[in-house]
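Engineer: Just final38.tsv, nothing more (TSV, N, CA and C atoms):
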chain	number	residue	atom	x	y	z
A	1	MET	N	78.98	140.74	103.53
A	1	MET	CA	79.35	141.20	102.21
A	1	MET	C	80.66	140.58	101.75
A	2	THR	N	81.62	140.42	102.64
A	2	THR	CA	82.89	139.83	102.24
A	2	THR	C	82.72	138.38	101.81
A	3	ASP	N	81.76	137.66	102.41
A	3	ASP	CA	81.52	136.28	102.00
A	3	ASP	C	81.04	136.24	100.55
A	4	GLU	N	80.18	137.18	100.18
A	4	GLU	CA	79.69	137.20	98.82
A	4	GLU	C	80.81	137.51	97.84
A	5	ILE	N	81.68	138.43	98.19
A	5	ILE	CA	82.79	138.79	97.31
A	5	ILE	C	83.73	137.59	97.15
A	6	ALA	N	84.02	136.92	98.24
A	6	ALA	CA	84.91	135.76	98.18
A	6	ALA	C	84.31	134.66	97.32
A	7	MET	N	83.00	134.46	97.43
A	7	MET	CA	82.36	133.43	96.62
A	7	MET	C	82.35	133.82	95.15
A	8	ASP	N	82.13	135.10	94.86
A	8	ASP	CA	82.12	135.54	93.47
A	8	ASP	C	83.51	135.49	92.86
A	9	ALA	N	84.53	135.76	93.65
A	9	ALA	CA	85.89	135.79	93.15
A	9	ALA	C	86.43	134.39	92.90
A	10	ALA	N	85.98	133.40	93.66
A	10	ALA	CA	86.48	132.03	93.51
A	10	ALA	C	85.77	131.36	92.33
A	11	PRO	N	86.52	130.75	91.44
A	11	PRO	CA	85.86	130.07	90.32
A	11	PRO	C	85.10	128.85	90.83
A	12	MET	N	83.90	128.66	90.30
A	12	MET	CA	83.10	127.52	90.70
A	12	MET	C	83.59	126.29	89.96
A	13	GLU	N	83.71	125.20	90.69
A	13	GLU	CA	84.17	123.96	90.10
A	13	GLU	C	82.99	123.27	89.44
A	14	GLU	N	83.13	122.96	88.15
A	14	GLU	CA	82.04	122.32	87.42
A	14	GLU	C	82.12	120.82	87.59
A	15	SER	N	80.95	120.22	87.63
A	15	SER	CA	80.91	118.77	87.70
A	15	SER	C	81.20	118.20	86.31
A	16	PRO	N	81.69	116.95	86.25
A	16	PRO	CA	81.98	116.38	84.94
A	16	PRO	C	80.71	116.22	84.10
A	17	GLU	N	80.88	116.25	82.81
A	17	GLU	CA	79.76	116.08	81.90
A	17	GLU	C	79.14	114.70	82.10
A	18	PRO	N	77.82	114.59	81.95
A	18	PRO	CA	77.16	113.29	82.15
A	18	PRO	C	77.73	112.16	81.30
A	19	MET	N	78.04	112.45	80.05
A	19	MET	CA	78.57	111.40	79.19
A	19	MET	C	79.96	110.96	79.66
A	20	GLN	N	80.74	111.86	80.23
A	20	GLN	CA	82.05	111.49	80.75
A	20	GLN	C	81.92	110.60	81.97
A	21	VAL	N	80.92	110.87	82.80
A	21	VAL	CA	80.66	110.02	83.97
A	21	VAL	C	80.31	108.61	83.51
A	22	ILE	N	79.47	108.52	82.49
A	22	ILE	CA	79.08	107.22	81.96
A	22	ILE	C	80.30	106.50	81.38
A	23	GLN	N	81.11	107.21	80.62
A	23	GLN	CA	82.31	106.59	80.02
A	23	GLN	C	83.28	106.11	81.09
A	24	ASP	N	83.51	106.92	82.11
A	24	ASP	CA	84.42	106.52	83.20
A	24	ASP	C	83.91	105.29	83.93
A	25	THR	N	82.60	105.26	84.21
A	25	THR	CA	82.01	104.11	84.90
A	25	THR	C	82.11	102.86	84.05
A	26	MET	N	81.84	102.98	82.76
A	26	MET	CA	81.93	101.83	81.86
A	26	MET	C	83.37	101.32	81.75
A	27	ASP	N	84.33	102.23	81.69
A	27	ASP	CA	85.74	101.83	81.64
A	27	ASP	C	86.13	101.05	82.89
A	28	GLN	N	85.71	101.52	84.04
A	28	GLN	CA	86.02	100.82	85.29
A	28	GLN	C	85.35	99.45	85.34
A	29	LEU	N	84.12	99.37	84.86
A	29	LEU	CA	83.39	98.11	84.86
A	29	LEU	C	84.07	97.10	83.93
A	30	LEU	N	84.43	97.51	82.73
A	30	LEU	CA	85.06	96.60	81.79
A	30	LEU	C	86.46	96.20	82.24
A	31	ALA	N	87.13	97.06	82.98
A	31	ALA	CA	88.46	96.71	83.49
A	31	ALA	C	88.40	95.57	84.49
A	32	THR	N	87.29	95.45	85.22
A	32	THR	CA	87.17	94.37	86.19
A	32	THR	C	86.72	93.07	85.56
A	33	ALA	N	86.17	93.12	84.36
A	33	ALA	CA	85.67	91.91	83.69
A	33	ALA	C	86.59	91.51	82.54
A	34	ASP	N	87.89	91.52	82.78
A	34	ASP	CA	88.82	91.15	81.73
A	34	ASP	C	89.22	89.68	81.86
A	35	VAL	N	90.11	89.24	81.00
A	35	VAL	CA	90.49	87.82	80.97
A	35	VAL	C	91.14	87.37	82.28
A	36	ASN	N	91.80	88.27	83.00
A	36	ASN	CA	92.42	87.90	84.27
A	36	ASN	C	91.39	87.58	85.34
A	37	ALA	N	90.17	88.08	85.17
A	37	ALA	CA	89.09	87.74	86.11
A	37	ALA	C	88.50	86.38	85.77
A	38	VAL	N	88.58	85.97	84.51
A	38	VAL	CA	88.03	84.69	84.08
A	38	VAL	C	89.00	83.55	84.36
A	39	TYR	N	90.25	83.73	83.97
A	39	TYR	CA	91.27	82.71	84.19
A	39	TYR	C	92.26	83.21	85.23
A	40	GLY	N	92.39	82.46	86.31
A	40	GLY	CA	93.29	82.85	87.38
A	40	GLY	C	94.73	82.51	87.05
A	41	THR	N	95.61	82.85	87.95
A	41	THR	CA	97.04	82.56	87.80
A	41	THR	C	97.25	81.05	87.86
A	42	HIS	N	98.04	80.54	86.93
A	42	HIS	CA	98.26	79.09	86.89
A	42	HIS	C	99.11	78.63	88.09
A	43	ILE	N	98.88	77.38	88.47
A	43	ILE	CA	99.58	76.78	89.61
A	43	ILE	C	100.30	75.53	89.09
A	44	ARG	N	101.58	75.43	89.39
A	44	ARG	CA	102.33	74.22	89.02
A	44	ARG	C	102.35	73.29	90.23
A	45	HIS	N	101.91	72.06	90.00
A	45	HIS	CA	101.90	71.06	91.08
A	45	HIS	C	102.41	69.74	90.49
A	46	GLY	N	103.63	69.39	90.86
A	46	GLY	CA	104.23	68.19	90.26
A	46	GLY	C	104.38	68.40	88.77
A	47	GLY	N	103.84	67.47	87.97
A	47	GLY	CA	103.90	67.59	86.52
A	47	GLY	C	102.64	68.20	85.93
A	48	GLN	N	101.84	68.83	86.76
A	48	GLN	CA	100.58	69.40	86.29
A	48	GLN	C	100.61	70.93	86.33
A	49	ILE	N	99.84	71.49	85.43
A	49	ILE	CA	99.56	72.93	85.47
A	49	ILE	C	98.06	73.06	85.70
A	50	ILE	N	97.68	73.79	86.74
A	50	ILE	CA	96.27	73.95	87.11
A	50	ILE	C	95.89	75.41	86.91
A	51	ILE	N	94.81	75.63	86.16
A	51	ILE	CA	94.34	76.99	85.89
A	51	ILE	C	92.89	77.10	86.35
A	52	PRO	N	92.62	77.94	87.36
A	52	PRO	CA	91.22	78.14	87.78
A	52	PRO	C	90.48	79.01	86.77
A	53	ALA	N	89.21	78.68	86.54
A	53	ALA	CA	88.37	79.45	85.62
A	53	ALA	C	87.11	79.90	86.35
A	54	ALA	N	86.67	81.11	86.04
A	54	ALA	CA	85.50	81.68	86.70
A	54	ALA	C	84.50	82.19	85.67
A	55	GLU	N	83.27	82.31	86.12
A	55	GLU	CA	82.21	82.94	85.35
A	55	GLU	C	82.08	84.36	85.86
A	56	VAL	N	82.11	85.33	84.97
A	56	VAL	CA	82.06	86.73	85.37
A	56	VAL	C	80.79	87.37	84.84
A	57	PHE	N	80.03	88.00	85.73
A	57	PHE	CA	78.83	88.74	85.36
A	57	PHE	C	79.14	90.23	85.52
A	58	ALA	N	78.71	91.03	84.58
A	58	ALA	CA	78.87	92.47	84.69
A	58	ALA	C	77.51	93.13	84.41
A	59	VAL	N	77.10	94.02	85.29
A	59	VAL	CA	75.82	94.70	85.17
A	59	VAL	C	76.07	96.19	85.32
A	60	ALA	N	75.42	96.98	84.49
A	60	ALA	CA	75.60	98.43	84.56
A	60	ALA	C	74.27	99.14	84.32
A	61	GLY	N	74.15	100.31	84.90
A	61	GLY	CA	72.99	101.15	84.68
A	61	GLY	C	73.41	102.62	84.66
A	62	PHE	N	72.79	103.38	83.80
A	62	PHE	CA	73.16	104.77	83.64
A	62	PHE	C	71.92	105.63	83.47
A	63	GLY	N	72.07	106.90	83.74
A	63	GLY	CA	70.98	107.82	83.52
A	63	GLY	C	71.50	109.24	83.39
A	64	ILE	N	70.87	110.00	82.52
A	64	ILE	CA	71.19	111.42	82.38
A	64	ILE	C	69.88	112.18	82.23
A	65	GLY	N	69.92	113.43	82.56
A	65	GLY	CA	68.72	114.24	82.44
A	65	GLY	C	69.05	115.72	82.48
A	66	SER	N	68.11	116.50	82.01
A	66	SER	CA	68.25	117.96	82.08
A	66	SER	C	66.86	118.56	82.14
A	67	GLY	N	66.80	119.81	82.57
A	67	GLY	CA	65.50	120.46	82.66
A	67	GLY	C	65.63	121.94	82.94
A	68	THR	N	64.51	122.60	82.79
A	68	THR	CA	64.43	124.02	83.10
A	68	THR	C	63.22	124.23	83.99
A	69	GLY	N	63.20	125.35	84.65
A	69	GLY	CA	62.07	125.62	85.53
A	69	GLY	C	62.08	127.05	86.02
A	70	THR	N	61.00	127.41	86.67
A	70	THR	CA	60.88	128.74	87.26
A	70	THR	C	60.52	128.59	88.72
A	71	ASP	N	60.95	129.54	89.52
A	71	ASP	CA	60.58	129.51	90.93
A	71	ASP	C	59.38	130.43	91.15
A	72	LYS	N	58.89	130.49	92.38
A	72	LYS	CA	57.68	131.27	92.65
A	72	LYS	C	57.89	132.78	92.52
A	73	ASP	N	59.16	133.22	92.51
A	73	ASP	CA	59.44	134.66	92.33
A	73	ASP	C	59.62	135.04	90.87
A	74	GLY	N	59.48	134.09	89.96
A	74	GLY	CA	59.59	134.40	88.54
A	74	GLY	C	60.97	134.15	87.97
A	75	GLY	N	61.92	133.75	88.80
A	75	GLY	CA	63.26	133.46	88.30
A	75	GLY	C	63.27	132.12	87.58
A	76	SER	N	64.17	131.97	86.66
A	76	SER	CA	64.25	130.71	85.92
A	76	SER	C	65.66	130.15	86.03
A	77	GLY	N	65.77	128.90	85.75
A	77	GLY	CA	67.06	128.24	85.79
A	77	GLY	C	66.99	126.93	85.02
A	78	ASN	N	68.14	126.37	84.83
A	78	ASN	CA	68.21	125.07	84.17
A	78	ASN	C	69.34	124.27	84.78
A	79	GLY	N	69.34	123.02	84.49
A	79	GLY	CA	70.38	122.16	85.02
A	79	GLY	C	70.37	120.81	84.33
A	80	SER	N	71.44	120.10	84.53
A	80	SER	CA	71.54	118.75	83.98
A	80	SER	C	72.42	117.92	84.90
A	81	GLY	N	72.31	116.63	84.75
A	81	GLY	CA	73.12	115.74	85.57
A	81	GLY	C	73.07	114.34	85.02
A	82	GLY	N	73.92	113.54	85.54
A	82	GLY	CA	73.97	112.16	85.10
A	82	GLY	C	74.67	111.31	86.13
A	83	GLY	N	74.52	110.04	85.98
A	83	GLY	CA	75.19	109.13	86.89
A	83	GLY	C	75.14	107.71	86.36
A	84	GLY	N	75.91	106.89	86.95
A	84	GLY	CA	75.94	105.51	86.52
A	84	GLY	C	76.54	104.65	87.61
A	85	GLY	N	76.35	103.40	87.46
A	85	GLY	CA	76.92	102.47	88.41
A	85	GLY	C	76.92	101.08	87.82
A	86	GLY	N	77.67	100.24	88.44
A	86	GLY	CA	77.75	98.88	87.94
A	86	GLY	C	78.29	97.95	89.00
A	87	ARG	N	78.19	96.69	88.70
A	87	ARG	CA	78.69	95.68	89.62
A	87	ARG	C	79.17	94.50	88.81
A	88	THR	N	80.28	93.94	89.24
A	88	THR	CA	80.74	92.70	88.64
A	88	THR	C	80.74	91.62	89.71
A	89	PHE	N	80.48	90.41	89.29
A	89	PHE	CA	80.42	89.29	90.20
A	89	PHE	C	81.09	88.12	89.50
A	90	ALA	N	81.95	87.43	90.21
A	90	ALA	CA	82.63	86.26	89.64
A	90	ALA	C	82.49	85.09	90.59
A	91	ARG	N	82.34	83.90	90.00
A	91	ARG	CA	82.29	82.69	90.81
A	91	ARG	C	83.07	81.60	90.08
A	92	PRO	N	83.74	80.73	90.82
A	92	PRO	CA	84.51	79.67	90.17
A	92	PRO	C	83.59	78.65	89.51
A	93	VAL	N	83.95	78.22	88.30
A	93	VAL	CA	83.12	77.25	87.59
A	93	VAL	C	83.90	76.00	87.17
A	94	ALA	N	85.21	76.11	87.01
A	94	ALA	CA	85.98	74.96	86.55
A	94	ALA	C	87.46	75.13	86.88
A	95	VAL	N	88.16	74.01	86.75
A	95	VAL	CA	89.61	74.00	86.88
A	95	VAL	C	90.15	73.29	85.64
A	96	VAL	N	91.07	73.94	84.93
A	96	VAL	CA	91.69	73.35	83.76
A	96	VAL	C	92.99	72.71	84.22
A	97	ILE	N	93.15	71.42	83.93
A	97	ILE	CA	94.34	70.68	84.36
A	97	ILE	C	95.07	70.19	83.12
A	98	SER	N	96.34	70.56	83.03
A	98	SER	CA	97.18	70.14	81.91
A	98	SER	C	98.33	69.32	82.47
A	99	ASP	N	98.52	68.10	81.91
A	99	ASP	CA	99.64	67.26	82.32
A	99	ASP	C	100.10	66.44	81.12
A	100	ALA	N	100.93	65.44	81.35
A	100	ALA	CA	101.47	64.63	80.26
A	100	ALA	C	100.37	63.86	79.53
A	101	ASN	N	99.25	63.61	80.18
A	101	ASN	CA	98.15	62.87	79.57
A	101	ASN	C	97.22	63.74	78.73
A	102	GLY	N	97.39	65.04	78.75
A	102	GLY	CA	96.55	65.95	77.99
A	102	GLY	C	95.94	67.03	78.88
A	103	VAL	N	94.86	67.61	78.37
A	103	VAL	CA	94.19	68.69	79.08
A	103	VAL	C	92.79	68.22	79.47
A	104	ARG	N	92.42	68.46	80.73
A	104	ARG	CA	91.09	68.10	81.24
A	104	ARG	C	90.47	69.32	81.89
A	105	VAL	N	89.17	69.40	81.81
A	105	VAL	CA	88.43	70.46	82.49
A	105	VAL	C	87.53	69.80	83.53
A	106	LYS	N	87.75	70.14	84.78
A	106	LYS	CA	86.95	69.59	85.88
A	106	LYS	C	86.03	70.69	86.40
A	107	PRO	N	84.72	70.46	86.38
A	107	PRO	CA	83.80	71.48	86.89
A	107	PRO	C	83.89	71.62	88.41
A	108	VAL	N	83.64	72.82	88.88
A	108	VAL	CA	83.58	73.11	90.31
A	108	VAL	C	82.12	73.05	90.72
A	109	LEU	N	81.82	72.22	91.70
A	109	LEU	CA	80.44	72.06	92.16
A	109	LEU	C	80.10	73.19	93.13
A	110	ASP	N	79.10	73.98	92.78
A	110	ASP	CA	78.65	75.09	93.62
A	110	ASP	C	77.46	74.61	94.45
A	111	THR	N	77.73	74.15	95.67
A	111	THR	CA	76.67	73.57	96.51
A	111	THR	C	75.63	74.60	96.93
A	112	THR	N	76.03	75.84	97.10
A	112	THR	CA	75.06	76.88	97.47
A	112	THR	C	74.04	77.07	96.35
A	113	LYS	N	74.52	77.15	95.11
A	113	LYS	CA	73.62	77.34	93.98
A	113	LYS	C	72.69	76.13	93.82
A	114	LEU	N	73.23	74.93	93.99
A	114	LEU	CA	72.39	73.74	93.90
A	114	LEU	C	71.34	73.71	95.00
A	115	GLY	N	71.74	74.08	96.21
A	115	GLY	CA	70.79	74.11	97.33
A	115	GLY	C	69.68	75.11	97.11
A	116	LEU	N	70.02	76.30	96.63
A	116	LEU	CA	68.99	77.32	96.35
A	116	LEU	C	68.06	76.87	95.24
A	117	ALA	N	68.60	76.23	94.21
A	117	ALA	CA	67.76	75.73	93.12
A	117	ALA	C	66.81	74.65	93.63
A	118	ALA	N	67.31	73.76	94.49
A	118	ALA	CA	66.46	72.69	95.04
A	118	ALA	C	65.35	73.27	95.91
A	119	LEU	N	65.68	74.24	96.75
A	119	LEU	CA	64.67	74.86	97.60
A	119	LEU	C	63.62	75.61	96.77
A	120	THR	N	64.05	76.28	95.74
A	120	THR	CA	63.12	77.00	94.86
A	120	THR	C	62.18	76.02	94.15
A	121	ALA	N	62.75	74.95	93.61
A	121	ALA	CA	61.93	73.95	92.93
A	121	ALA	C	60.94	73.31	93.90
A	122	ALA	N	61.40	72.99	95.11
A	122	ALA	CA	60.52	72.38	96.10
A	122	ALA	C	59.39	73.34	96.48
A	123	GLY	N	59.69	74.63	96.61
A	123	GLY	CA	58.67	75.62	96.93
A	123	GLY	C	57.60	75.71	95.84
A	124	PHE	N	58.02	75.72	94.58
A	124	PHE	CA	57.05	75.77	93.48
A	124	PHE	C	56.21	74.49	93.44
A	125	MET	N	56.84	73.35	93.67
A	125	MET	CA	56.09	72.10	93.66
A	125	MET	C	55.06	72.06	94.79
A	126	LEU	N	55.44	72.52	95.97
A	126	LEU	CA	54.50	72.54	97.10
A	126	LEU	C	53.35	73.51	96.84
A	127	ALA	N	53.66	74.66	96.28
A	127	ALA	CA	52.61	75.64	95.97
A	127	ALA	C	51.64	75.09	94.93
A	128	THR	N	52.16	74.42	93.91
A	128	THR	CA	51.30	73.82	92.88
A	128	THR	C	50.45	72.70	93.48
A	129	LEU	N	51.05	71.87	94.32
A	129	LEU	CA	50.31	70.79	94.97
A	129	LEU	C	49.19	71.35	95.86
A	130	ALA	N	49.48	72.43	96.59
A	130	ALA	CA	48.47	73.04	97.44
A	130	ALA	C	47.31	73.58	96.60
A	131	LYS	N	47.59	74.19	95.46
A	131	LYS	CA	46.52	74.69	94.59
A	131	LYS	C	45.70	73.54	94.03
A	132	MET	N	46.36	72.45	93.69
A	132	MET	CA	45.65	71.30	93.15
A	132	MET	C	44.73	70.68	94.19
A	133	MET	N	45.18	70.65	95.43
A	133	MET	CA	44.39	70.07	96.51
A	133	MET	C	43.15	70.92	96.79
A	134	ARG	N	43.24	72.24	96.58
A	134	ARG	CA	42.10	73.12	96.80
A	134	ARG	C	41.19	73.19	95.58
A	135	GLY	N	41.61	72.54	94.49
A	135	GLY	CA	40.78	72.52	93.29
A	135	GLY	C	40.91	73.78	92.45
A	136	LYS	N	41.99	74.52	92.59
A	136	LYS	CA	42.16	75.77	91.82
A	136	LYS	C	42.75	75.50	90.43
A	137	ILE	N	43.30	74.32	90.22
A	137	ILE	CA	43.90	74.04	88.90
A	137	ILE	C	43.05	73.00	88.20
Produce structure tokens that represent the structure in this file.
Structural biologist:
Amino acid sequence: MTDEIAMDAAPMEESPEPMQVIQDTMDQLLATADVNAVYGTHIRHGGQIIIPAAEVFAVAGFGIGSGTGTDKDGGSGNGSGGGGGGRTFARPVAVVISDANGVRVKPVLDTTKLGLAALTAAGFMLATLAKMMRGKI
């Protein structure tokens, strides 16, 4: 009985509203995809200023819901909830070089991405060739 009294006397902590959860998640996501994520800190080397540049991807998903229901004893209740999540990903794409001769942009070669694209293309070509050899196309 004392456990029930203690639970009734203590205020129940409410969870944040679903829209507030979504707003907080979106704020955190946008904070990571700002200009400082795209352009890195400049580096001085001799008479040059070098600025790294990145490509930033931001993905988010959210959901909210509510409902009512009854249990097998005839009691009823309702509830609601929400949630969200996101991910940001950045990869280097170029280096901006400024010197006495002007400004140049040098691309960064992403060998992993090129290798995956080559393997994917080769796989599709082999699959198409195999279908052609069997007379399916």
Engineer: Could you please give me, as a CSV table (one decimal) with N, CA and C atoms, keeping the file's coordinate frame, the residues of protein, DNA or RNA lying at most 7 Å from (64.4, 125.5, 82.1) in the coordinate frame of the file, considering only C-alpha atoms?
Structural biologist:
chain,number,residue,atom,x,y,z
A,67,GLY,N,66.8,119.8,82.6
A,67,GLY,CA,65.5,120.5,82.7
A,67,GLY,C,65.6,121.9,82.9
A,68,THR,N,64.5,122.6,82.8
A,68,THR,CA,64.4,124.0,83.1
A,68,THR,C,63.2,124.2,84.0
A,69,GLY,N,63.2,125.4,84.6
A,69,GLY,CA,62.1,125.6,85.5
A,69,GLY,C,62.1,127.0,86.0
A,76,SER,N,64.2,132.0,86.7
A,76,SER,CA,64.2,130.7,85.9
A,76,SER,C,65.7,130.2,86.0
A,77,GLY,N,65.8,128.9,85.8
A,77,GLY,CA,67.1,128.2,85.8
A,77,GLY,C,67.0,126.9,85.0
A,78,ASN,N,68.1,126.4,84.8
A,78,ASN,CA,68.2,125.1,84.2
A,78,ASN,C,69.3,124.3,84.8
Engineer: Would you compute the distance between atom C of Gly40 in chain A and atom C of Ala54 in chain A? Give it in Å to one decimal.
Structural biologist: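 About the pair atom C of Gly40 in chain A and atom C of Ala54 in chain A: they are 10.3 Å apart.
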Engineer: Choose the residue, out of A:Pro107, A:Gly102, A:Gly85, A:Gly74, that has the smallest atom-to-atom separation from Glu55 in chain A; count only C-alpha atoms.
Structural biologist: A:Pro107
Engineer: Report the distance between CA of Gln23 in chain A and CA of Gly84 in chain A in Å, rounded to one decimal place.
Structural biologist: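 Distance between the two atoms: 9.2 Å.
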Engineer: Between A:Lys72, A:Val38, A:Thr25, A:Gln48, which has the minimum distance to Ala100 in chain A (counting all atoms listed in the file)?
Structural biologist: A:Gln48
Engineer: Using DSSP on the backbone, list every residue of chain A that comes out as alpha helix (DSSP H), and give them as a PyMOL selection string.
Structural biologist: chain A and resi 2-9+18-32+35-38+111-133
Engineer: Let me make sure I understand: among A:Phe57, A:Gly86, A:Ile51, A:Asp73, which one has the smallest atom-to-atom distance to Gln28 in chain A if we use only C-alpha atoms?
Structural biologist: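 Of A:Phe57, A:Gly86, A:Ile51, A:Asp73, the one nearest Gln28 in chain A, counting only C-alpha atoms, is A:Gly86.
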Engineer: Counting all atoms listed in the file, which of A:Gly75, A:Ile22, A:Thr32, A:Thr41 gets nearest to Phe62 in chain A?
Structural biologist: A:Ile22
Engineer: Could you check the closest approach to Gly82 in chain A for each of A:Val96, A:Leu129, A:Ile64, A:Leu119 and tell me which residue wins, using all atoms listed in the file?
Structural biologist: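 Comparing A:Val96, A:Leu129, A:Ile64, A:Leu119 against Gly82 in chain A, the winner is A:Ile64.
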Engineer: Just the residues within 10 Å of Leu30 in chain A, please, counting only C-alpha atoms, with nothing from its chain fewer than 3 positions along; format it as a list of chain:residue names.
Structural biologist: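 Close residues of Leu30 in chain A: A:Thr25, A:Met26, A:Asp27, A:Ala33, A:Asp34, A:Ala58, A:Gly86, A:Thr88.
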Engineer: Just how far from CA of Thr120 in chain A is atom N of Lys106 in chain A, in Å to one decimal?
Structural biologist: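 It comes out at 27.5 Å.
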Engineer: Find the residues near Ser66 in chain A: any atom within 8 Å, counting only C-alpha atoms, skip ones fewer than 4 places away on the same chain, and give them as a PDB file with N, CA and C atoms, keeping the file's coordinate frame.
Structural biologist:
ATOM      1  N   ASN A  78      68.140 126.370  84.830  1.00  0.00           N
ATOM      2  CA  ASN A  78      68.210 125.070  84.170  1.00  0.00           C
ATOM      3  C   ASN A  78      69.340 124.270  84.780  1.00  0.00           C
ATOM      4  N   GLY A  79      69.340 123.020  84.490  1.00  0.00           N
ATOM      5  CA  GLY A  79      70.380 122.160  85.020  1.00  0.00           C
ATOM      6  C   GLY A  79      70.370 120.810  84.330  1.00  0.00           C
ATOM      7  N   SER A  80      71.440 120.100  84.530  1.00  0.00           N
ATOM      8  CA  SER A  80      71.540 118.750  83.980  1.00  0.00           C
ATOM      9  C   SER A  80      72.420 117.920  84.900  1.00  0.00           C
ATOM     10  N   GLY A  81      72.310 116.630  84.750  1.00  0.00           N
ATOM     11  CA  GLY A  81      73.120 115.740  85.570  1.00  0.00           C
ATOM     12  C   GLY A  81      73.070 114.340  85.020  1.00  0.00           C
TER      13      GLY A  81
END
Engineer: Return the single residue from A:Leu29, A:Ala118, A:Val95, A:Met132 that is closest to Ala60 in chain A, with distances computed using all atoms listed in the file.
Structural biologist: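 For Ala60 in chain A, the nearest of the candidates is A:Leu29.
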Engineer: Give me, as a list in words, all polymer residues having an atom no more than 8 Å from Ile50 in chain A, counting only C-alpha atoms and skipping those fewer than 3 positions away in the same chain.
Structural biologist: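 Neighbouring residues, sequence-local ones excluded: His42, Ile43, Arg44, His45, Val95, Val96, Ile97 and Ser98 of chain A.
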Engineer: So that I can check the secondary structure, give me every residue of chain A assigned strand (DSSP E) by backbone DSSP, as a VMD selection string.
Structural biologist: chain A and resid 43 to 45 48 to 70 76 to 99 102 to 107
Engineer: Once 5 Å is added on each side, what are the centre and the three edge lengths, in Å to one decimal, of the axis-aligned box enclosing the listed atoms of range 27-45 of chain A? Present them as lines of an AutoDock Vina configuration file.
Structural biologist:
center_x = 92.9
center_y = 86.0
center_z = 86.0
size_x = 29.0
size_y = 42.5
size_z = 20.1
Engineer: Selecting N, CA and C atoms, how would range 73-90 of chain A from this structure be written as a PDB file, in the first residue's frame?
Structural biologist:
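Output contents, as saved in part-v7.pdb:
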ATOM      1  N   ASP A  73     -11.133  -6.016 -20.127  1.00  0.00           N
ATOM      2  CA  ASP A  73     -11.991  -5.773 -18.959  1.00  0.00           C
ATOM      3  C   ASP A  73     -12.938  -4.602 -19.162  1.00  0.00           C
ATOM      4  N   GLY A  74     -12.897  -3.973 -20.322  1.00  0.00           N
ATOM      5  CA  GLY A  74     -13.810  -2.868 -20.596  1.00  0.00           C
ATOM      6  C   GLY A  74     -13.210  -1.507 -20.330  1.00  0.00           C
ATOM      7  N   GLY A  75     -11.991  -1.451 -19.823  1.00  0.00           N
ATOM      8  CA  GLY A  75     -11.350  -0.160 -19.582  1.00  0.00           C
ATOM      9  C   GLY A  75     -10.876   0.445 -20.890  1.00  0.00           C
ATOM     10  N   SER A  76     -10.800   1.743 -20.920  1.00  0.00           N
ATOM     11  CA  SER A  76     -10.352   2.410 -22.143  1.00  0.00           C
ATOM     12  C   SER A  76      -9.163   3.312 -21.820  1.00  0.00           C
ATOM     13  N   GLY A  77      -8.463   3.662 -22.841  1.00  0.00           N
ATOM     14  CA  GLY A  77      -7.318   4.539 -22.681  1.00  0.00           C
ATOM     15  C   GLY A  77      -6.929   5.129 -24.026  1.00  0.00           C
ATOM     16  N   ASN A  78      -6.056   6.081 -23.960  1.00  0.00           N
ATOM     17  CA  ASN A  78      -5.547   6.681 -25.184  1.00  0.00           C
ATOM     18  C   ASN A  78      -4.088   7.043 -24.986  1.00  0.00           C
ATOM     19  N   GLY A  79      -3.450   7.319 -26.061  1.00  0.00           N
ATOM     20  CA  GLY A  79      -2.040   7.680 -25.983  1.00  0.00           C
ATOM     21  C   GLY A  79      -1.556   8.257 -27.301  1.00  0.00           C
ATOM     22  N   SER A  80      -0.417   8.867 -27.228  1.00  0.00           N
ATOM     23  CA  SER A  80       0.197   9.421 -28.431  1.00  0.00           C
ATOM     24  C   SER A  80       1.706   9.378 -28.268  1.00  0.00           C
ATOM     25  N   GLY A  81       2.393   9.489 -29.368  1.00  0.00           N
ATOM     26  CA  GLY A  81       3.845   9.481 -29.311  1.00  0.00           C
ATOM     27  C   GLY A  81       4.421   9.927 -30.630  1.00  0.00           C
ATOM     28  N   GLY A  82       5.676  10.156 -30.611  1.00  0.00           N
ATOM     29  CA  GLY A  82       6.342  10.594 -31.824  1.00  0.00           C
ATOM     30  C   GLY A  82       7.830  10.352 -31.709  1.00  0.00           C
ATOM     31  N   GLY A  83       8.481  10.436 -32.813  1.00  0.00           N
ATOM     32  CA  GLY A  83       9.921  10.266 -32.807  1.00  0.00           C
ATOM     33  C   GLY A  83      10.509  10.698 -34.136  1.00  0.00           C
ATOM     34  N   GLY A  84      11.774  10.831 -34.138  1.00  0.00           N
ATOM     35  CA  GLY A  84      12.439  11.241 -35.362  1.00  0.00           C
ATOM     36  C   GLY A  84      13.907  10.899 -35.284  1.00  0.00           C
ATOM     37  N   GLY A  85      14.517  10.949 -36.391  1.00  0.00           N
ATOM     38  CA  GLY A  85      15.942  10.685 -36.440  1.00  0.00           C
ATOM     39  C   GLY A  85      16.515  11.195 -37.737  1.00  0.00           C
ATOM     40  N   GLY A  86      17.793  11.296 -37.759  1.00  0.00           N
ATOM     41  CA  GLY A  86      18.436  11.790 -38.963  1.00  0.00           C
ATOM     42  C   GLY A  86      19.900  11.422 -38.983  1.00  0.00           C
ATOM     43  N   ARG A  87      20.488  11.650 -40.116  1.00  0.00           N
ATOM     44  CA  ARG A  87      21.910  11.363 -40.270  1.00  0.00           C
ATOM     45  C   ARG A  87      22.485  12.350 -41.262  1.00  0.00           C
ATOM     46  N   THR A  88      23.674  12.814 -40.966  1.00  0.00           N
ATOM     47  CA  THR A  88      24.394  13.633 -41.923  1.00  0.00           C
ATOM     48  C   THR A  88      25.665  12.904 -42.318  1.00  0.00           C
ATOM     49  N   PHE A  89      26.061  13.105 -43.548  1.00  0.00           N
ATOM     50  CA  PHE A  89      27.248  12.456 -44.069  1.00  0.00           C
ATOM     51  C   PHE A  89      27.979  13.487 -44.910  1.00  0.00           C
ATOM     52  N   ALA A  90      29.277  13.590 -44.728  1.00  0.00           N
ATOM     53  CA  ALA A  90      30.079  14.526 -45.507  1.00  0.00           C
ATOM     54  C   ALA A  90      31.270  13.795 -46.101  1.00  0.00           C
TER      55      ALA A  90
END
